[in-house]
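Peer 1: For reference, this is final.tsv, and it has TSV, C-alpha atoms.
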chain	number	residue	atom	x	y	z
A	152	MET	CA	98.36	139.85	84.67
A	153	TYR	CA	99.54	138.88	88.15
A	154	VAL	CA	97.08	138.10	90.87
A	155	ASN	CA	97.70	138.74	94.57
A	156	GLN	CA	96.90	136.00	97.06
A	157	THR	CA	94.78	138.42	99.10
A	158	VAL	CA	92.42	138.47	96.10
A	159	ILE	CA	92.67	134.75	95.29
A	160	LYS	CA	89.87	132.80	96.90
A	161	TYR	CA	90.00	129.78	94.59
A	162	PHE	CA	91.77	128.01	91.74
A	163	ILE	CA	90.24	126.50	88.61
A	164	ILE	CA	91.05	122.83	87.97
A	165	LYS	CA	91.46	122.38	84.22
A	166	GLY	CA	90.89	118.62	84.41
A	167	ILE	CA	92.05	115.73	82.25
A	168	SER	CA	90.80	117.07	78.91
A	169	ASP	CA	89.27	120.28	77.56
A	170	VAL	CA	87.35	118.47	74.82
A	171	SER	CA	83.69	118.58	75.84
A	172	GLU	CA	82.84	115.49	73.77
A	173	PHE	CA	85.08	113.38	76.01
A	174	LYS	CA	83.63	114.56	79.32
A	175	ILE	CA	81.00	111.83	79.70
A	176	THR	CA	83.48	109.13	78.62
A	177	ILE	CA	86.13	110.41	81.04
A	178	PHE	CA	83.60	110.57	83.88
A	179	ILE	CA	82.41	106.99	83.28
A	180	VAL	CA	85.96	105.60	82.99
A	181	VAL	CA	87.18	107.48	86.10
A	182	LEU	CA	84.09	106.42	88.08
A	183	LEU	CA	84.53	102.76	87.08
A	184	ILE	CA	88.24	102.83	87.95
A	185	TYR	CA	87.49	104.49	91.28
A	186	LEU	CA	84.79	101.95	92.18
A	187	ILE	CA	87.02	99.01	91.16
A	188	ILE	CA	89.89	100.39	93.26
A	189	LEU	CA	87.61	100.82	96.26
A	190	ALA	CA	86.04	97.37	95.82
A	191	GLY	CA	89.36	95.56	95.23
A	192	ASN	CA	91.25	97.15	98.12
A	193	MET	CA	88.26	96.93	100.45
A	194	ALA	CA	87.93	93.21	99.61
A	195	ILE	CA	91.58	92.62	100.52
A	196	LEU	CA	91.22	94.68	103.70
A	197	VAL	CA	88.09	92.82	104.84
A	198	LEU	CA	89.63	89.46	103.93
A	199	ILE	CA	92.74	90.20	106.01
A	200	CYS	CA	90.61	91.28	108.97
A	201	LEU	CA	88.28	88.25	108.83
A	202	ASP	CA	90.70	85.43	108.04
A	203	SER	CA	93.00	84.46	110.92
A	204	HIS	CA	95.44	82.78	108.52
A	205	LEU	CA	96.25	86.27	107.15
A	206	HIS	CA	97.00	87.77	110.56
A	207	THR	CA	100.72	87.95	109.79
A	208	PRO	CA	103.14	90.90	109.47
A	209	MET	CA	103.11	90.76	105.67
A	210	TYR	CA	99.32	91.13	105.48
A	211	PHE	CA	99.31	93.76	108.23
A	212	PHE	CA	101.44	95.93	105.94
A	213	LEU	CA	99.29	94.98	102.95
A	214	ALA	CA	96.19	96.15	104.84
A	215	ASN	CA	97.89	99.51	105.41
A	216	LEU	CA	98.77	99.66	101.72
A	217	SER	CA	95.12	99.08	100.80
A	218	ILE	CA	94.02	101.92	103.12
A	219	ILE	CA	96.61	104.22	101.52
A	220	ASP	CA	95.52	103.29	97.98
A	221	MET	CA	91.84	103.92	98.72
A	222	SER	CA	92.61	107.22	100.48
A	223	CYS	CA	95.00	108.45	97.79
A	224	THR	CA	92.58	107.62	94.97
A	225	THR	CA	89.73	109.38	96.78
A	226	VAL	CA	91.84	112.48	97.42
A	227	ASN	CA	93.11	112.66	93.83
A	228	LEU	CA	90.06	111.65	91.80
A	229	HIS	CA	87.13	113.10	93.74
A	230	LYS	CA	87.44	116.52	92.07
A	231	ILE	CA	87.09	115.01	88.58
A	232	LEU	CA	83.84	113.33	89.59
A	233	LEU	CA	82.50	116.41	91.41
A	234	ASN	CA	83.38	118.66	88.48
A	235	PHE	CA	81.26	116.58	86.14
A	236	ILE	CA	78.30	116.27	88.55
A	237	THR	CA	78.20	119.92	89.63
A	238	GLY	CA	79.86	121.60	86.65
A	239	ASP	CA	81.98	123.57	89.12
A	240	LYS	CA	85.72	123.42	88.35
A	241	THR	CA	86.76	125.71	91.19
A	242	ILE	CA	88.53	124.67	94.37
A	243	SER	CA	89.16	126.99	97.31
A	244	PHE	CA	92.72	128.07	98.13
A	245	LEU	CA	92.58	126.16	101.42
A	246	GLY	CA	91.05	123.13	99.70
A	247	CYS	CA	93.80	123.20	97.07
A	248	MET	CA	96.56	123.31	99.69
A	249	THR	CA	94.84	120.53	101.66
A	250	GLN	CA	94.63	118.31	98.58
A	251	THR	CA	98.30	119.00	97.76
A	252	PHE	CA	99.29	118.07	101.31
A	253	MET	CA	97.17	114.91	101.51
A	254	SER	CA	98.18	113.69	98.04
A	255	GLY	CA	101.88	114.21	98.76
A	256	SER	CA	101.68	112.68	102.25
A	257	LEU	CA	99.85	109.56	101.07
A	258	THR	CA	102.41	109.03	98.30
A	259	VAL	CA	105.24	109.23	100.86
A	260	HIS	CA	103.28	106.89	103.15
A	261	GLU	CA	103.10	104.33	100.34
A	262	LEU	CA	106.84	104.53	99.63
A	263	PHE	CA	107.76	103.91	103.25
A	264	ILE	CA	105.14	101.19	103.79
A	265	LEU	CA	106.65	99.39	100.79
A	266	THR	CA	110.05	99.84	102.45
A	267	ALA	CA	108.71	98.26	105.65
A	268	MET	CA	107.31	95.39	103.57
A	269	SER	CA	110.77	94.90	102.06
A	270	PHE	CA	112.29	94.60	105.55
A	271	ASP	CA	109.53	92.12	106.44
A	272	ARG	CA	110.41	89.95	103.42
A	273	TYR	CA	114.10	90.14	104.35
A	274	MET	CA	113.39	88.90	107.88
A	275	ALA	CA	111.07	86.14	106.63
A	276	ILE	CA	113.55	84.76	104.08
A	277	CYS	CA	116.98	85.54	105.55
A	278	ASN	CA	116.17	85.14	109.26
A	279	PRO	CA	113.18	82.77	109.39
A	280	LEU	CA	113.94	81.42	112.89
A	281	SER	CA	113.73	84.87	114.51
A	282	TYR	CA	111.07	86.24	112.13
A	283	TYR	CA	108.03	86.12	114.41
A	284	LEU	CA	110.09	87.18	117.40
A	285	THR	CA	111.37	90.29	115.60
A	286	MET	CA	108.32	91.09	113.48
A	287	ASN	CA	105.85	90.95	116.35
A	288	TYR	CA	102.66	93.00	116.54
A	289	ARG	CA	104.35	95.84	118.43
A	290	THR	CA	107.15	96.12	115.84
A	291	CYS	CA	104.66	96.17	112.95
A	292	VAL	CA	102.53	98.89	114.60
A	293	LEU	CA	105.63	100.99	115.36
A	294	LEU	CA	106.92	100.64	111.79
A	295	CYS	CA	103.55	101.60	110.26
A	296	SER	CA	103.07	104.50	112.69
A	297	PHE	CA	106.55	105.78	111.82
A	298	CYS	CA	105.75	105.55	108.08
A	299	TRP	CA	102.49	107.50	108.50
A	300	LEU	CA	104.12	110.13	110.75
A	301	LEU	CA	107.09	110.56	108.42
A	302	GLY	CA	104.80	111.13	105.44
A	303	PHE	CA	103.01	114.00	107.18
A	304	ILE	CA	106.17	115.60	108.62
A	305	LEU	CA	108.16	115.62	105.36
A	306	VAL	CA	105.39	117.23	103.29
A	307	ILE	CA	104.46	119.97	105.80
A	308	PRO	CA	107.45	122.27	104.94
A	309	LEU	CA	106.78	122.00	101.19
A	310	VAL	CA	103.09	122.87	101.43
A	311	GLY	CA	103.79	125.49	104.12
A	312	ILE	CA	106.14	127.40	101.80
A	313	LEU	CA	103.82	126.91	98.82
A	314	SER	CA	100.82	128.30	100.71
A	315	SER	CA	102.79	131.42	101.69
A	316	PHE	CA	103.29	132.56	98.08
A	317	SER	CA	101.54	135.85	97.44
A	318	CYS	CA	101.55	136.11	93.67
A	319	TYR	CA	100.14	133.95	90.88
A	320	SER	CA	100.21	134.54	87.14
A	321	SER	CA	96.99	132.55	86.70
A	322	ILE	CA	94.39	130.76	88.78
A	323	GLU	CA	93.86	127.98	86.21
A	324	ILE	CA	95.73	124.78	87.11
A	325	ASN	CA	96.63	122.58	84.14
A	326	HIS	CA	95.94	119.37	86.04
A	327	PHE	CA	93.10	117.25	87.40
A	328	LEU	CA	94.19	117.91	91.00
A	329	CYS	CA	96.16	120.41	93.06
A	330	ASP	CA	99.78	119.29	93.01
A	331	ILE	CA	102.99	121.03	93.95
A	332	VAL	CA	104.54	121.01	90.44
A	333	PRO	CA	101.70	122.74	88.51
A	334	LEU	CA	101.20	125.21	91.39
A	335	MET	CA	104.91	126.11	91.33
A	336	SER	CA	104.63	126.76	87.59
A	337	LEU	CA	101.80	129.28	88.21
A	338	THR	CA	103.37	131.37	90.96
A	339	CYS	CA	105.34	134.51	90.26
A	340	SER	CA	106.79	134.59	93.78
A	341	ASP	CA	110.40	133.64	94.45
A	342	THR	CA	110.44	129.83	94.48
A	343	SER	CA	114.20	129.35	95.04
A	344	VAL	CA	113.83	128.06	98.61
A	345	LEU	CA	110.98	125.73	97.63
A	346	ASP	CA	112.94	124.54	94.57
A	347	ILE	CA	115.93	123.58	96.73
A	348	LEU	CA	113.79	121.94	99.42
A	349	PHE	CA	111.70	120.09	96.83
A	350	PHE	CA	114.86	118.86	95.08
A	351	ILE	CA	116.51	117.70	98.33
A	352	GLU	CA	113.41	115.99	99.71
A	353	GLY	CA	112.26	114.68	96.35
A	354	LEU	CA	115.63	113.23	95.37
A	355	PHE	CA	117.03	112.06	98.69
A	356	LEU	CA	114.18	111.56	101.19
A	357	PHE	CA	111.40	110.54	98.78
A	358	THR	CA	113.50	108.60	96.24
A	359	ILE	CA	117.05	107.56	97.09
A	360	ALA	CA	116.52	106.81	100.82
A	361	PRO	CA	113.39	104.62	100.46
A	362	PHE	CA	114.75	103.14	97.23
A	363	LEU	CA	117.96	101.98	98.93
A	364	LEU	CA	116.14	100.84	102.07
A	365	THR	CA	113.76	98.87	99.84
A	366	PHE	CA	116.24	97.26	97.45
A	367	ILE	CA	119.26	96.60	99.69
A	368	PRO	CA	117.31	93.89	101.57
A	369	TYR	CA	116.60	92.30	98.19
A	370	ILE	CA	120.34	91.88	97.61
A	371	PHE	CA	120.48	89.69	100.72
A	372	ILE	CA	117.22	87.99	99.71
A	373	ILE	CA	118.62	87.10	96.26
A	374	VAL	CA	121.87	85.80	97.83
A	375	THR	CA	119.82	83.64	100.21
A	376	ILE	CA	117.64	82.33	97.36
A	377	ILE	CA	120.72	81.44	95.26
A	378	LYS	CA	122.06	79.36	98.17
A	379	ILE	CA	118.90	77.22	98.19
A	380	HIS	CA	119.82	73.92	96.50
A	381	SER	CA	116.34	72.94	95.37
A	382	GLY	CA	115.00	74.64	92.25
A	383	THR	CA	111.48	74.28	93.60
A	384	GLY	CA	112.57	75.87	96.87
A	385	ARG	CA	114.17	78.81	95.05
A	386	ARG	CA	111.01	79.42	93.00
A	387	LYS	CA	108.75	79.12	96.03
A	388	THR	CA	110.88	81.52	98.08
A	389	PHE	CA	111.12	84.11	95.30
A	390	TYR	CA	107.37	83.77	94.71
A	391	THR	CA	106.71	85.08	98.24
A	392	CYS	CA	108.28	88.46	97.43
A	393	SER	CA	107.63	88.77	93.67
A	394	SER	CA	104.31	90.63	94.16
A	395	HIS	CA	105.93	93.24	96.39
A	396	LEU	CA	108.89	93.66	94.03
A	397	THR	CA	106.54	94.16	91.05
A	398	VAL	CA	104.60	96.94	92.84
A	399	VAL	CA	107.79	98.68	94.02
A	400	VAL	CA	109.41	98.75	90.56
A	401	LEU	CA	106.20	100.02	88.93
A	402	LEU	CA	105.66	102.78	91.51
A	403	TYR	CA	109.24	104.07	91.39
A	404	MET	CA	109.26	104.19	87.58
A	405	ILE	CA	106.08	106.28	87.56
A	406	LEU	CA	107.14	108.65	90.38
A	407	ILE	CA	110.58	109.30	88.88
A	408	SER	CA	108.94	110.09	85.52
A	409	GLN	CA	106.35	112.31	87.23
A	410	TYR	CA	108.58	114.40	89.49
A	411	LEU	CA	112.28	113.96	88.71
A	412	THR	CA	112.47	114.05	84.91
A	413	PRO	CA	112.28	117.18	82.70
A	414	SER	CA	108.94	116.87	80.93
A	415	SER	CA	105.93	119.01	80.06
A	416	LEU	CA	103.04	119.56	82.46
A	417	ASP	CA	100.81	117.50	80.16
A	418	SER	CA	103.24	114.57	80.45
A	419	LYS	CA	103.40	114.97	84.23
A	420	LYS	CA	99.60	115.00	84.30
A	421	LEU	CA	99.58	111.68	82.41
A	422	TYR	CA	102.08	110.15	84.86
A	423	ALA	CA	100.00	111.45	87.77
A	424	LEU	CA	96.89	109.83	86.28
A	425	ILE	CA	98.72	106.51	85.89
A	426	ASN	CA	99.99	106.76	89.48
A	427	THR	CA	96.54	107.70	90.78
A	428	ALA	CA	94.54	105.12	88.85
A	429	ALA	CA	96.77	102.32	87.56
A	430	VAL	CA	98.89	101.53	90.63
A	431	PRO	CA	96.00	101.28	93.16
A	432	LEU	CA	94.06	99.32	90.53
A	433	LEU	CA	96.89	96.84	89.98
A	434	ASN	CA	97.81	96.37	93.65
A	435	PRO	CA	94.78	94.20	94.56
A	436	LEU	CA	95.20	92.21	91.32
A	437	ILE	CA	98.92	91.63	91.86
A	438	TYR	CA	98.57	90.68	95.51
A	439	SER	CA	95.52	88.47	95.00
A	440	LEU	CA	96.12	86.78	91.64
A	441	LYS	CA	99.79	86.05	92.45
A	442	ASN	CA	99.22	85.14	96.09
A	443	LYS	CA	98.13	81.64	97.06
A	444	ASP	CA	97.40	82.63	100.67
A	445	VAL	CA	94.94	85.32	99.58
A	446	LYS	CA	93.25	82.97	97.07
A	447	ARG	CA	92.91	80.25	99.71
A	448	ALA	CA	91.51	82.77	102.22
A	449	LEU	CA	89.02	83.98	99.61
A	450	ARG	CA	87.86	80.41	98.95
A	451	ARG	CA	87.42	79.82	102.70
A	452	ARG	CA	85.32	82.99	103.04
A	453	LEU	CA	83.20	82.05	100.02
A	454	LEU	CA	82.61	78.56	101.39
A	455	TRP	CA	81.70	80.02	104.76
A	456	PHE	CA	79.30	82.44	103.09
A	457	THR	CA	77.59	79.74	101.01
A	458	LYS	CA	76.84	77.75	104.19
A	459	PHE	CA	74.64	80.56	105.45
A	460	THR	CA	72.84	81.35	102.18
Is it possible to give me this structure as structure tokens?
Peer 2:
Amino acid sequence: MYVNQTVIKYFIIKGISDVSEFKITIFIVVLLIYLIILAGNMAILVLICLDSHLHTPMYFFLANLSIIDMSCTTVNLHKILLNFITGDKTISFLGCMTQTFMSGSLTVHELFILTAMSFDRYMAICNPLSYYLTMNYRTCVLLCSFCWLLGFILVIPLVGILSSFSCYSSIEINHFLCDIVPLMSLTCSDTSVLDILFFIEGLFLFTIAPFLLTFIPYIFIIVTIIKIHSGTGRRKTFYTCSSHLTVVVLLYMILISQYLTPSSLDSKKLYALINTAAVPLLNPLIYSLKNKDVKRALRRRLLWFTKFT
């Protein structure tokens, strides 16, 4: 039975699992992951703000990445937590479209912030003498502002077309959040325009363009590292960009599996969960455990704190 949008006031979020016995376990796990993500990224953000040694372009971008991770996790996971607390699995049509827009925009933000971080590493390693002249505060703010603006602009057409659909075969979304792929599978309206736009933006603007802009600088970085005569120097130089490279590879693998490979909605839901929970959870660990500057800054803050306690 098809449902007209004029009648649709809400959608029903199916959630992670239908098995009632797992609900408490899922809630506890999701809540713990959410709190750890908030605590880890907030710790990095506060540390960068407080420690003057971290007031560099690299950590300016990392602070933006932490804000994106906290925002994206809140947008994507809050409905799971609210569903358990209130027992209400419904989400309004406007709320669903808003969540789809914010989730998509924040994902695009993250891709382009990681691209900006790649350019930063290229300048630091390949052009160290002009690094601070080129990567000044104004340049960093402009790059981050462009990344945030681009994320909003590119997702607006997709969600605009999606919200104009007037027919749905069901109001139950087989997902734990409102996302463009499960919503497209529910509509009985003509999705040809959205399919083409989603393919073009998803493949070229969200994948190939940021992928190339992220990894081409690493070709020059690797060439520069190879030219370093000292083995210790090569390891030290590569160490400065290994954290960023690890995050980029992990994120692209998950996003390609989630959006650009033919798989079932249940598989896409699993990839979305990994992207929502695992990547923001690993970011603080990767950037803190593998980063000597962050560990030194943390020790300085702890020593400062112990003096006043």
Peer 1: Quick one: of A:Asn325, A:Ser320, A:Thr237, A:Thr176, who's nearest to Lys419 (chain A), counting only C-alpha atoms?
Peer 2: A:Asn325
Peer 1: Can you pull out every residue within 10 Å of Phe270 (chain A), counting all atoms listed in the file, but drop anything in the same chain fewer than 6 positions away, and send it as a list in words?
Peer 2: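 Skipping anything fewer than 6 positions along the chain leaves Met209, Ile264, Met286, Leu364, Thr365, Phe366, Ile367, Pro368 and Tyr369 of chain A.
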Peer 1: From the list A:Thr207, A:Thr358, A:Ser315, A:Asn278, which residue is nearest Tyr403 (chain A) when using all atoms listed in the file?
Peer 2: A:Thr358
Peer 1: Quote the spacing between CA of Tyr319 (chain A) and CA of Ser243 (chain A) in Å to one decimal place.
Peer 2: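 We find that CA of Tyr319 (chain A) and CA of Ser243 (chain A) lie 14.5 Å from each other.
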Peer 1: Taking all atoms listed in the file into account, which of A:Pro435, A:Pro208, A:Gly384, A:Pro308 comes nearest Tyr288 (chain A)?
Peer 2: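 Nearest candidate to Tyr288 (chain A) out of A:Pro435, A:Pro208, A:Gly384, A:Pro308: A:Pro208.
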Peer 1: Compare A:Ile199, A:Leu257, A:Cys223, A:Ala190 by their minimum atom-to-atom distance to Leu424 (chain A), counting only C-alpha atoms, and give me the closest one.
Peer 2: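 Closest residue, counting only C-alpha atoms: A:Cys223.
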Peer 1: Go ahead and find all residues with at least one atom no further than 12 Å from (111.8, 111.6, 96.8) in the file's coordinates, using only C-alpha atoms; report them as a PyMOL selection string.
Peer 2: chain A and resi 255-256+258-263+302+305-306+348-363+402-403+406-411
Peer 1: Tell me which of A:Ile324, A:Ile370, A:Cys277, A:Leu313 sits closest to Phe252 (chain A), counting all atoms listed in the file.
Peer 2: A:Leu313
Peer 1: Of the residues A:Asp444, A:Asp346, A:Glu323, A:Asp330, which is the one nearest to Met248 (chain A), using only C-alpha atoms?
Peer 2: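 Counting only C-alpha atoms, the residue closest to Met248 (chain A) is A:Asp330.
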Peer 1: Hey, what's within 10 Å of Leu245 (chain A) if we count all atoms listed in the file and toss same-chain stuff fewer than 6 positions away? As a CSV table (one decimal) with C-alpha atoms, in the frame of the given file, please?
Peer 2:
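Result file selection.csv:
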chain,number,residue,atom,x,y,z
A,160,LYS,CA,89.9,132.8,96.9
A,161,TYR,CA,90.0,129.8,94.6
A,162,PHE,CA,91.8,128.0,91.7
A,251,THR,CA,98.3,119.0,97.8
A,314,SER,CA,100.8,128.3,100.7
Peer 1: Taking all atoms of region 427-434 of chain A that the file lists and extending 6 Å past them on each side, where is the centre of the axis-aligned box and how long are its edges? Answer in Å to one decimal, as JSON.
Peer 2:
{"center_x": 96.5, "center_y": 102.0, "center_z": 90.6, "size_x": 16.8, "size_y": 23.3, "size_z": 18.1}
Peer 1: CA of Leu183 (chain A) to CA of Thr224 (chain A): how many Å, to one decimal?
Peer 2: 12.3 Å
Peer 1: Using only C-alpha atoms, determine which residues lie at most 10 Å from Ile167 (chain A), disregarding the query and same-chain residues fewer than 4 positions distant; provide the list as a ChimeraX atom specification.
Peer 2: /A:173-174,177,231,325-328,417,420-421,424
Peer 1: Give as a short mmCIF file (atom, residue, chain, number, x, y, z; two decimals) with C-alpha atoms, in the coordinates of the input each residue that has an atom at most 12 Å from (119.4, 87.1, 96.2) in the file, counting all atoms listed in the file.
Peer 2:
data_model
loop_
_atom_site.label_atom_id
_atom_site.label_comp_id
_atom_site.auth_asym_id
_atom_site.auth_seq_id
_atom_site.Cartn_x
_atom_site.Cartn_y
_atom_site.Cartn_z
CA ARG A 272 110.41 89.95 103.42
CA TYR A 273 114.10 90.14 104.35
CA ILE A 276 113.55 84.76 104.08
CA CYS A 277 116.98 85.54 105.55
CA PHE A 366 116.24 97.26 97.45
CA ILE A 367 119.26 96.60 99.69
CA PRO A 368 117.31 93.89 101.57
CA TYR A 369 116.60 92.30 98.19
CA ILE A 370 120.34 91.88 97.61
CA PHE A 371 120.48 89.69 100.72
CA ILE A 372 117.22 87.99 99.71
CA ILE A 373 118.62 87.10 96.26
CA VAL A 374 121.87 85.80 97.83
CA THR A 375 119.82 83.64 100.21
CA ILE A 376 117.64 82.33 97.36
CA ILE A 377 120.72 81.44 95.26
CA LYS A 378 122.06 79.36 98.17
CA ILE A 379 118.90 77.22 98.19
CA ARG A 385 114.17 78.81 95.05
CA ARG A 386 111.01 79.42 93.00
CA THR A 388 110.88 81.52 98.08
CA PHE A 389 111.12 84.11 95.30
CA CYS A 392 108.28 88.46 97.43
#
Peer 1: Enter the distance from CA of Tyr438 (chain A) to CA of Leu216 (chain A), in Å, rounded to one decimal.
Peer 2: 10.9 Å
Peer 1: Excluding same-chain residues fewer than 6 positions from Ala448 (chain A), what lies within 8 Å of it counting only C-alpha atoms, as a list in words?
Peer 2: Leu198, Asp202, His204 and Leu205 of chain A
